[in-house]
>>> print(open('target_6.csv').read())   # CSV, C-alpha atoms
chain,number,residue,atom,x,y,z
A,1,MET,CA,-36.6,0.1,24.1
A,2,LYS,CA,-36.0,-1.3,20.7
A,3,THR,CA,-32.8,-3.2,20.1
A,4,VAL,CA,-31.2,-2.3,16.7
A,5,ASN,CA,-28.3,-4.7,16.8
A,6,GLU,CA,-26.9,-7.5,18.9
A,7,MET,CA,-24.0,-9.9,19.0
A,8,LYS,CA,-22.9,-12.9,21.1
A,9,LEU,CA,-19.4,-14.2,21.6
A,10,SER,CA,-17.9,-17.0,23.7
A,11,PHE,CA,-14.2,-17.6,24.2
A,12,PRO,CA,-11.9,-19.5,26.7
A,13,SER,CA,-10.6,-17.7,29.8
A,14,LYS,CA,-7.1,-17.1,28.3
A,15,SER,CA,-5.6,-13.7,29.1
A,16,CYS,CA,-4.8,-13.0,25.4
A,17,ASN,CA,-8.6,-12.8,25.0
A,18,GLU,CA,-8.8,-9.6,27.1
A,19,ALA,CA,-7.5,-7.7,24.0
A,20,PHE,CA,-9.8,-9.7,21.7
A,21,ALA,CA,-12.9,-9.0,23.8
A,22,ARG,CA,-12.4,-5.2,24.1
A,23,SER,CA,-11.5,-4.9,20.4
A,24,ALA,CA,-14.6,-6.9,19.4
A,25,VAL,CA,-16.8,-4.6,21.4
A,26,ALA,CA,-15.1,-1.5,20.0
A,27,ALA,CA,-15.8,-2.8,16.4
A,28,PHE,CA,-19.4,-3.6,17.4
A,29,VAL,CA,-20.2,0.0,18.4
A,30,MET,CA,-18.2,1.6,15.6
A,31,ASN,CA,-21.2,2.6,13.5
A,32,LEU,CA,-22.6,4.7,16.4
A,33,ASP,CA,-19.6,7.0,15.6
A,34,PRO,CA,-18.2,7.0,19.1
A,35,THR,CA,-15.7,9.7,20.3
A,36,VAL,CA,-12.2,8.6,21.1
A,37,SER,CA,-12.9,8.9,24.8
A,38,GLU,CA,-16.3,7.0,24.6
A,39,LEU,CA,-14.5,4.2,22.9
A,40,SER,CA,-11.6,4.1,25.3
A,41,ASP,CA,-14.0,4.2,28.3
A,42,LEU,CA,-16.0,1.2,27.0
A,43,LYS,CA,-12.9,-0.8,26.0
A,44,THR,CA,-11.4,-0.2,29.5
A,45,ALA,CA,-14.6,-1.3,31.3
A,46,VAL,CA,-14.8,-4.5,29.1
A,47,SER,CA,-11.2,-5.2,29.7
A,48,GLU,CA,-11.7,-5.0,33.5
A,49,ALA,CA,-14.8,-7.3,33.4
A,50,VAL,CA,-13.1,-9.9,31.3
A,51,THR,CA,-10.0,-9.8,33.4
A,52,ASN,CA,-12.2,-10.4,36.5
A,53,CYS,CA,-13.6,-13.6,34.9
A,54,ILE,CA,-10.1,-14.9,34.2
A,55,VAL,CA,-8.4,-13.9,37.4
A,56,HIS,CA,-11.3,-14.3,39.9
A,57,GLY,CA,-14.2,-16.2,38.3
A,58,TYR,CA,-12.1,-19.1,37.0
A,59,ARG,CA,-9.1,-18.4,39.2
A,60,ARG,CA,-6.8,-19.1,36.3
A,61,GLN,CA,-8.4,-22.5,35.6
A,62,SER,CA,-9.8,-22.9,32.1
A,63,GLY,CA,-13.5,-21.9,31.6
A,64,GLU,CA,-15.7,-20.2,29.1
A,65,ILE,CA,-16.6,-16.5,29.0
A,66,PHE,CA,-19.8,-15.4,27.4
A,67,LEU,CA,-20.2,-11.8,26.0
A,68,THR,CA,-23.3,-10.3,24.6
A,69,GLY,CA,-23.6,-6.9,23.1
A,70,LYS,CA,-26.8,-4.9,22.4
A,71,ILE,CA,-27.3,-1.5,20.8
A,72,PHE,CA,-30.6,0.3,21.5
A,73,GLU,CA,-32.4,2.9,19.4
A,74,ASN,CA,-31.2,5.8,21.6
A,75,GLY,CA,-27.6,4.9,21.2
A,76,LYS,CA,-27.4,3.1,24.5
A,77,VAL,CA,-25.0,0.1,24.4
A,78,SER,CA,-25.3,-2.8,26.8
A,79,VAL,CA,-22.5,-5.4,27.2
A,80,LYS,CA,-23.0,-8.4,29.4
A,81,ILE,CA,-19.9,-10.4,30.4
A,82,ARG,CA,-20.7,-13.7,32.2
A,83,ASP,CA,-18.6,-16.6,33.6
A,84,LYS,CA,-19.6,-19.9,35.1
A,85,GLY,CA,-16.8,-19.6,37.7
A,86,CYS,CA,-16.7,-19.5,41.5
A,87,GLY,CA,-19.0,-16.5,41.9
A,88,ILE,CA,-18.7,-13.7,44.5
A,89,GLU,CA,-19.7,-14.2,48.1
A,90,ASN,CA,-20.1,-10.5,48.9
A,91,VAL,CA,-20.7,-8.3,45.8
A,92,GLU,CA,-20.8,-5.1,47.8
A,93,GLN,CA,-17.4,-5.8,49.3
A,94,ALA,CA,-16.0,-6.8,45.9
A,95,MET,CA,-17.1,-3.5,44.4
A,96,GLN,CA,-15.2,-1.4,47.0
A,97,PRO,CA,-12.3,0.4,45.5
A,98,LEU,CA,-8.9,-1.1,46.4
A,99,PHE,CA,-10.6,-4.4,47.7
A,100,THR,CA,-8.8,-7.3,46.1
A,101,THR,CA,-8.4,-11.0,46.8
A,102,ALA,CA,-5.3,-11.2,44.4
A,103,ALA,CA,-2.9,-8.6,45.9
A,104,ASP,CA,0.0,-11.0,45.4
A,105,GLU,CA,-0.7,-11.0,41.7
A,106,GLU,CA,-0.4,-7.2,41.7
A,107,ARG,CA,-4.1,-6.6,41.2
A,108,ALA,CA,-4.9,-3.1,42.4
A,109,GLY,CA,-8.6,-3.8,43.3
A,110,LEU,CA,-9.9,-1.2,41.0
A,111,GLY,CA,-11.8,-3.3,38.4
A,112,PHE,CA,-15.3,-2.4,39.5
A,113,ALA,CA,-14.4,1.2,40.4
A,114,VAL,CA,-13.1,1.7,36.8
A,115,MET,CA,-16.2,0.0,35.3
A,116,GLN,CA,-18.4,2.3,37.4
A,117,SER,CA,-16.4,5.4,36.6
A,118,PHE,CA,-16.2,4.7,32.8
A,119,CYS,CA,-19.8,3.5,32.2
A,120,ASP,CA,-23.3,5.0,32.9
A,121,ALA,CA,-24.4,1.9,34.8
A,122,VAL,CA,-22.9,-1.4,36.0
A,123,ARG,CA,-25.0,-4.3,37.2
A,124,VAL,CA,-23.6,-7.3,38.9
A,125,ARG,CA,-25.4,-10.6,39.5
A,126,SER,CA,-23.4,-13.4,41.2
A,127,THR,CA,-24.2,-16.8,42.7
A,128,PRO,CA,-21.4,-18.4,44.7
A,129,GLY,CA,-20.4,-21.7,43.0
A,130,LYS,CA,-22.4,-20.8,39.8
A,131,GLY,CA,-20.8,-17.7,38.3
A,132,THR,CA,-21.0,-14.0,37.8
A,133,ALA,CA,-22.6,-11.7,35.2
A,134,VAL,CA,-21.6,-8.1,34.8
A,135,THR,CA,-23.7,-5.8,32.6
A,136,LEU,CA,-22.2,-2.5,31.5
A,137,GLU,CA,-24.3,0.3,30.0
A,138,LYS,CA,-23.1,3.3,28.2
A,139,LEU,CA,-24.7,5.9,25.9
A,140,ILE,CA,-22.6,6.3,22.8
A,141,GLY,CA,-22.5,9.2,20.3
A,142,THR,CA,-23.9,11.8,22.7
A,143,ASP,CA,-20.6,13.5,23.7
A,144,GLU,CA,-20.3,16.9,22.1
B,1,MET,CA,5.8,-3.9,24.4
B,2,VAL,CA,8.8,-2.8,26.5
B,3,GLU,CA,12.4,-1.6,25.6
B,4,THR,CA,14.9,-0.7,28.3
B,5,GLU,CA,17.8,1.7,28.3
B,6,TYR,CA,20.4,2.1,31.1
B,7,LYS,CA,22.3,5.3,31.4
B,8,ASN,CA,23.9,7.1,34.4
B,9,ASN,CA,22.5,4.7,36.9
B,10,VAL,CA,18.9,5.2,35.6
B,11,LEU,CA,17.0,2.3,34.0
B,12,THR,CA,14.3,3.6,31.6
B,13,ALA,CA,11.6,1.2,30.4
B,14,TYR,CA,9.8,2.5,27.3
B,15,LEU,CA,6.4,0.9,27.4
B,16,SER,CA,4.3,0.6,24.3
B,17,GLY,CA,1.0,-0.7,23.0
B,18,GLU,CA,-1.8,-1.9,25.2
B,19,ILE,CA,-1.3,-2.6,28.9
B,20,ASP,CA,-3.7,-5.1,30.4
B,21,HIS,CA,-3.5,-8.1,32.7
B,22,ASP,CA,-1.9,-10.2,29.9
B,23,SER,CA,0.8,-7.7,28.8
B,24,ALA,CA,1.5,-6.3,32.3
B,25,ALA,CA,2.7,-9.8,33.4
B,26,LYS,CA,5.2,-9.8,30.5
B,27,ILE,CA,6.4,-6.3,31.1
B,28,ARG,CA,6.8,-7.0,34.8
B,29,THR,CA,9.0,-10.0,34.1
B,30,SER,CA,11.4,-8.2,31.8
B,31,VAL,CA,11.6,-4.9,33.8
B,32,ASP,CA,12.2,-6.8,37.1
B,33,ALA,CA,14.9,-8.9,35.4
B,34,ALA,CA,16.7,-5.8,34.1
B,35,ALA,CA,16.4,-4.0,37.5
B,36,GLN,CA,17.7,-6.9,39.4
B,37,THR,CA,20.7,-7.2,37.1
B,38,LEU,CA,21.6,-3.5,36.9
B,39,ASN,CA,20.5,-2.4,40.4
B,40,PRO,CA,19.7,1.2,39.2
B,41,ARG,CA,19.3,4.2,41.4
B,42,LEU,CA,16.1,5.0,39.6
B,43,LEU,CA,13.6,3.1,37.5
B,44,CYS,CA,11.7,5.3,35.0
B,45,LEU,CA,8.6,3.9,33.4
B,46,ASP,CA,7.9,5.9,30.2
B,47,PHE,CA,4.2,5.6,29.1
B,48,LYS,CA,4.7,7.6,25.9
B,49,GLY,CA,3.9,4.7,23.5
B,50,VAL,CA,1.0,3.3,25.5
B,51,SER,CA,-2.3,3.5,23.6
B,52,PHE,CA,-4.5,1.7,26.1
B,53,MET,CA,-4.3,0.8,29.8
B,54,ASP,CA,-6.7,-0.7,32.3
B,55,SER,CA,-6.3,-1.1,36.0
B,56,SER,CA,-3.6,-3.7,35.5
B,57,GLY,CA,-1.2,-0.7,34.8
B,58,VAL,CA,-1.8,0.5,38.4
B,59,GLY,CA,-0.7,-2.9,39.7
B,60,LEU,CA,2.3,-2.8,37.5
B,61,VAL,CA,3.4,0.6,38.8
B,62,MET,CA,2.7,-0.2,42.5
B,63,GLY,CA,4.5,-3.5,42.1
B,64,ARG,CA,7.6,-1.8,40.6
B,65,TYR,CA,7.5,0.8,43.4
B,66,ARG,CA,7.7,-2.0,46.0
B,67,GLN,CA,10.4,-3.8,43.9
B,68,MET,CA,12.6,-0.7,43.7
B,69,LYS,CA,12.2,0.0,47.4
B,70,LEU,CA,13.5,-3.5,48.1
B,71,LEU,CA,16.4,-2.9,45.8
B,72,GLY,CA,17.1,0.4,47.5
B,73,GLY,CA,16.2,2.6,44.5
B,74,GLY,CA,13.4,4.9,43.4
B,75,LEU,CA,10.6,5.0,40.8
B,76,GLN,CA,9.4,7.6,38.3
B,77,VAL,CA,6.4,7.4,36.0
B,78,LYS,CA,6.2,9.8,33.1
B,79,ASN,CA,4.7,10.7,29.7
B,80,TYR,CA,1.2,9.2,30.4
B,81,SER,CA,-1.9,10.4,28.7
B,82,ASP,CA,-4.9,12.1,30.3
B,83,GLY,CA,-6.9,8.8,30.0
B,84,ILE,CA,-4.1,6.9,31.8
B,85,TYR,CA,-3.8,9.6,34.5
B,86,ARG,CA,-7.6,9.2,35.2
B,87,ILE,CA,-7.0,5.6,36.2
B,88,PHE,CA,-3.8,6.4,38.2
B,89,ALA,CA,-5.8,9.1,40.1
B,90,MET,CA,-8.4,6.6,41.1
B,91,SER,CA,-5.8,4.4,42.8
B,92,GLY,CA,-4.2,6.9,45.1
B,93,LEU,CA,-0.9,6.4,43.3
B,94,GLU,CA,-0.3,10.2,43.5
B,95,SER,CA,0.5,9.9,47.2
B,96,LEU,CA,3.6,7.8,46.4
B,97,GLY,CA,5.1,10.8,44.7
B,98,VAL,CA,6.2,8.8,41.6
B,99,LEU,CA,4.1,10.6,38.9
B,100,ARG,CA,5.9,13.2,36.9
>>> encode(input="target_6.csv", output="structure tokens")
Amino acid sequence: MKTVNEMKLSFPSKSCNEAFARSAVAAFVMNLDPTVSELSDLKTAVSEAVTNCIVHGYRRQSGEIFLTGKIFENGKVSVKIRDKGCGIENVEQAMQPLFTTAADEERAGLGFAVMQSFCDAVRVRSTPGKGTAVTLEKLIGTDE
Amino acid sequence: MVETEYKNNVLTAYLSGEIDHDSAAKIRTSVDAAAQTLNPRLLCLDFKGVSFMDSSGVGLVMGRYRQMKLLGGGLQVKNYSDGIYRIFAMSGLESLGVLR
């Protein structure tokens, strides 16, 4: 499918960049005329993915987060969020609702569940020791 | 981000703006400090001014529930939007009986 627009961002794994990343993605999809709920869903999913890079991927050490956004002809938006952090040993387990390795930091273990619930598709590729890439896909501008 | 009010043994925290991992940590610090000082019968988290929340908000509520239990008080969560409720519902928070 033809890509009509794309963007790339990279930023350090500081928690203040969670707000930056979701706002940047919201601005990127704005000309698709998203509904309030489509925009809020996408922002929430991006926020979860970026938080995972900071809390889990880099375990609060400093690192770089890479975000790419693509808009396709049919209004499909794809956002890929990637870190070069510790990676996930067992992706299936990590995606289980309420599973968390950071309970003492008050993480609810809902990150992937929220991404899956708020997007049309979520793909995770991870290599332990090398990093994790999460791709979120959502159709925008199709809500009546 | 958070303003607190203490009246009739009830501590109300009026949350505002966006709740994510970054802001949740700041809210938690100031709400816990107030609760430890005042030792209220009830802590009320008011979400009226919250325009965005990710799953960090669930951790914030669950953590305050545990904190208030330790202090011998209760927790109430109110004035949240439908979008916020959708995330609360995914977490099983309803079973704690704190949502109003």
>>> residues_around(input="target_6.csv", residues="range 76-82 of chain A", least_positions_apart="5", cutoff="9 Å", atoms="only C-alpha atoms", output="list in words")
Val25, Val29, Val46, Ala49, Val50, Cys53, Glu64, Ile65, Phe66, Leu67, Thr68, Gly69, Lys70, Ile71, Gly131, Thr132, Ala133, Val134, Thr135, Leu136, Glu137, Lys138, Leu139, Ile140 and Gly141 of chain A
>>> interface_residues(input="target_6.csv", of="chain A", to="chain B", cutoff="6 Å", atoms="all atoms listed in the file", output="list in words")
Ser15, Thr44, Glu106, Arg107 and Ala108 of chain A
>>> closest_residue(input="target_6.csv", among="A:Asn31, A:Gln116, A:Asn90, A:Ser23", to="Val4 in chain A", atoms="all atoms listed in the file")
A:Asn31
>>> atom_distance(input="target_6.csv", atom1="CA of Tyr14 in chain B", atom2="CA of Val2 in chain B")
5.5 Å
>>> axis_aligned_box(input="target_6.csv", around="range 58-71 of chain B", padding_each_side="8 Å", output="JSON")
{"center_x": 7.3, "center_y": -1.5, "center_z": 42.8, "size_x": 34.2, "size_y": 20.6, "size_z": 26.6}
>>> atom_distance(input="target_6.csv", atom1="CA of Asp32 in chain B", atom2="CA of Leu71 in chain B")
10.4 Å
>>> atom_distance(input="target_6.csv", atom1="CA of Glu73 in chain A", atom2="CA of Thr142 in chain A")
12.7 Å
>>> closest_residue(input="target_6.csv", among="B:Leu96, B:Lys48, B:Asn79, B:Tyr85", to="Tyr65 in chain B", atoms="all atoms listed in the file")
B:Leu96
>>> build_atoms(input="target_6.csv", residues="range 15-34 of chain A", atoms="N, CA, C and O atoms", output="short mmCIF file (atom, residue, chain, number, x, y, z; two decimals), in the frame of the given file")
data_model
loop_
_atom_site.label_atom_id
_atom_site.label_comp_id
_atom_site.auth_asym_id
_atom_site.auth_seq_id
_atom_site.Cartn_x
_atom_site.Cartn_y
_atom_site.Cartn_z
N SER A 15 -5.77 -15.13 28.99
CA SER A 15 -5.60 -13.70 29.10
C SER A 15 -5.39 -12.97 27.79
O SER A 15 -5.67 -11.78 27.69
N CYS A 16 -4.97 -13.71 26.76
CA CYS A 16 -4.80 -13.00 25.40
C CYS A 16 -6.21 -12.63 24.91
O CYS A 16 -6.30 -11.78 24.03
N ASN A 17 -7.29 -13.21 25.43
CA ASN A 17 -8.60 -12.80 25.00
C ASN A 17 -9.16 -11.55 25.58
O ASN A 17 -10.22 -11.07 25.18
N GLU A 18 -8.43 -10.96 26.54
CA GLU A 18 -8.80 -9.60 27.10
C GLU A 18 -8.76 -8.62 25.92
O GLU A 18 -9.69 -7.82 25.74
N ALA A 19 -7.69 -8.66 25.15
CA ALA A 19 -7.50 -7.70 24.00
C ALA A 19 -8.58 -8.02 22.94
O ALA A 19 -9.17 -7.11 22.35
N PHE A 20 -8.82 -9.32 22.70
CA PHE A 20 -9.80 -9.70 21.70
C PHE A 20 -11.20 -9.17 22.07
O PHE A 20 -11.89 -8.57 21.25
N ALA A 21 -11.59 -9.36 23.33
CA ALA A 21 -12.90 -9.00 23.80
C ALA A 21 -13.15 -7.46 23.65
O ALA A 21 -14.17 -7.01 23.13
N ARG A 22 -12.19 -6.66 24.12
CA ARG A 22 -12.40 -5.20 24.10
C ARG A 22 -12.37 -4.68 22.63
O ARG A 22 -13.10 -3.75 22.28
N SER A 23 -11.53 -5.32 21.78
CA SER A 23 -11.50 -4.90 20.40
C SER A 23 -12.77 -5.27 19.65
O SER A 23 -13.26 -4.51 18.81
N ALA A 24 -13.33 -6.44 19.99
CA ALA A 24 -14.60 -6.90 19.40
C ALA A 24 -15.72 -5.93 19.72
O ALA A 24 -16.51 -5.54 18.87
N VAL A 25 -15.77 -5.53 21.01
CA VAL A 25 -16.80 -4.60 21.40
C VAL A 25 -16.64 -3.24 20.76
O VAL A 25 -17.60 -2.62 20.31
N ALA A 26 -15.39 -2.80 20.64
CA ALA A 26 -15.10 -1.50 20.00
C ALA A 26 -15.59 -1.58 18.52
O ALA A 26 -16.24 -0.64 18.02
N ALA A 27 -15.34 -2.69 17.84
CA ALA A 27 -15.80 -2.80 16.40
C ALA A 27 -17.31 -2.86 16.36
O ALA A 27 -17.90 -2.28 15.45
N PHE A 28 -17.94 -3.51 17.35
CA PHE A 28 -19.40 -3.60 17.40
C PHE A 28 -20.10 -2.27 17.45
O PHE A 28 -21.13 -2.04 16.81
N VAL A 29 -19.53 -1.34 18.24
CA VAL A 29 -20.20 0.00 18.40
C VAL A 29 -19.74 1.02 17.42
O VAL A 29 -20.19 2.17 17.46
N MET A 30 -18.85 0.63 16.50
CA MET A 30 -18.20 1.60 15.60
C MET A 30 -19.21 2.41 14.78
O MET A 30 -19.01 3.59 14.52
N ASN A 31 -20.32 1.78 14.34
CA ASN A 31 -21.20 2.60 13.50
C ASN A 31 -22.10 3.57 14.25
O ASN A 31 -22.86 4.30 13.66
N LEU A 32 -21.92 3.61 15.59
CA LEU A 32 -22.60 4.70 16.40
C LEU A 32 -21.70 5.94 16.35
O LEU A 32 -22.06 6.95 16.97
N ASP A 33 -20.54 5.85 15.67
CA ASP A 33 -19.60 7.00 15.60
C ASP A 33 -19.17 7.49 16.95
O ASP A 33 -19.35 8.68 17.26
N PRO A 34 -18.61 6.61 17.77
CA PRO A 34 -18.20 7.00 19.10
C PRO A 34 -17.02 8.00 19.09
O PRO A 34 -16.23 7.98 18.15
#
